[in-house]
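Asker: Starting off with a structure, shown below.
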Amino acid sequence: MLEKDTANERTIEILQSVKGIGPVTISTFIADLPELGKLNRGEVAKLVGVAPINRDSGKKSGKRFIGGGRDHVRRVLYMATIVAIRHNETIKRFYQRLKAKGKESKVAIVACMRKLLTIVNLLIKNNEVWKNAESVSAKN
């Protein structure tokens with residue numbers, strides 16, 4: 001199915017170059033997240049719902065939670081991140097660093113979700129495949 005999509009051919013090529021992202025994630029990103037590569041990192045994180053939002057009111061300082069956004073994309077990104085933590089060296093090192101700092105597993109996974117999404121967003125924005133991602137800053 002992805003082979004027949006000539007309109008998004010370069011985007012598919014970029015996404016396929018990232019370890020941990022498979023056909024389901026690619027299809028989901030193309031169908032449900034067409035803004036990928038057009039927004040900055042904060043906007044795309046909020047759109048998917050992986051940006052921590054404060055629950056503050058007046059003098060009360062609440063806990064930060066993720067949520068909102070496109071939950072279907074977030075669920076698919078979660079599974080892609082689990083695979084990336086095992087097979088993608090950049091995401092694996094990031095996860096291990098967070099765990100070494102004492103972060104809970106779910107918190108570290110969500111942080112990895114955001115990092116993976118940010119990297120993919122930047123790759124598409126700069127029209128680069130993953131092998132060049134190591135030299136590119138993840139700030140956009």
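Residues in the structure tokens are numbered from 1 in each chain, the chains being A, B, ... in the order shown, and ligands are numbered from 1 in the order shown.
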Each residue of stretch 58-97 of chain A with at least one atom at most 10 Å from stretch 102-119 of chain A should appear once, together with its nearest atom pair and the corresponding distance in Å (one decimal); atoms considered: only C-alpha atoms; ordering: chain, then increasing residue number; output as a Markdown table.
Answerer:
```
| residue | atom | partner | partner_atom | distance |
| --- | --- | --- | --- | --- |
| A:Phe65 | CA | A:Val107 | CA | 9.9 |
| A:Ile66 | CA | A:Val110 | CA | 8.6 |
| A:Arg74 | CA | A:Met113 | CA | 8.5 |
| A:Leu77 | CA | A:Met113 | CA | 6.5 |
| A:Tyr78 | CA | A:Met113 | CA | 6.3 |
| A:Met79 | CA | A:Met113 | CA | 9.2 |
| A:Ala80 | CA | A:Met113 | CA | 8.3 |
| A:Thr81 | CA | A:Met113 | CA | 5.6 |
| A:Ile82 | CA | A:Ile109 | CA | 7.5 |
| A:Ala84 | CA | A:Leu116 | CA | 8.4 |
| A:Ile85 | CA | A:Cys112 | CA | 7.9 |
| A:Asn88 | CA | A:Leu116 | CA | 9.9 |
| A:Thr90 | CA | A:Leu116 | CA | 9.2 |
| A:Ile91 | CA | A:Cys112 | CA | 6.3 |
| A:Lys92 | CA | A:Cys112 | CA | 8.6 |
| A:Arg93 | CA | A:Cys112 | CA | 10.0 |
| A:Phe94 | CA | A:Cys112 | CA | 7.1 |
| A:Tyr95 | CA | A:Ala108 | CA | 5.9 |
| A:Gln96 | CA | A:Ala108 | CA | 8.5 |
| A:Arg97 | CA | A:Gly102 | CA | 9.0 |
```
Asker: Please list as a list in words every residue within 9 Å of A:Val129, counting only C-alpha atoms and excluding residues in the same chain fewer than 5 positions away.
Answerer: Glu13, Ile14, Leu15, Gln16, Ser17, Val18, Leu123 and Ile124 of chain A
Asker: Pull the alpha helix (DSSP H) assignments for stretch 72-139 of chain A out of DSSP run on the backbone, and list those residues as number ranges by chain.
Answerer: A: 72-87, 89-100, 105-126
Asker: Have a look at A:Lys46, A:Arg75, A:Arg86, A:Lys101 and name the one nearest to A:Phe29; count only C-alpha atoms.
Answerer: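 Distance minimum relative to A:Phe29 lands on A:Arg75.
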Asker: Just how far from atom CA of A:Ala100 is atom CA of A:Ala51, in Å to one decimal?
Answerer: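 The value is 21.9 Å.
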Asker: Show which residues sit within 8 Å of stretch 30-34 of chain A, as a list in words. Count only C-alpha atoms, and ignore same-chain residues fewer than 2 positions away.
Answerer: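 What passes the distance filter is Asn8, Ile26, Ser27, Thr28, Leu36 and Val73 of chain A.
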Asker: Quick one, how far is atom CA of A:Ala7 from atom CA of A:Pro23?
Answerer: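 Interatomic distance here is 16.3 Å.
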Asker: What's the separation between atom CA of A:Leu47 and atom CA of A:Thr25, in Å to one decimal place?
Answerer: 16.0 Å
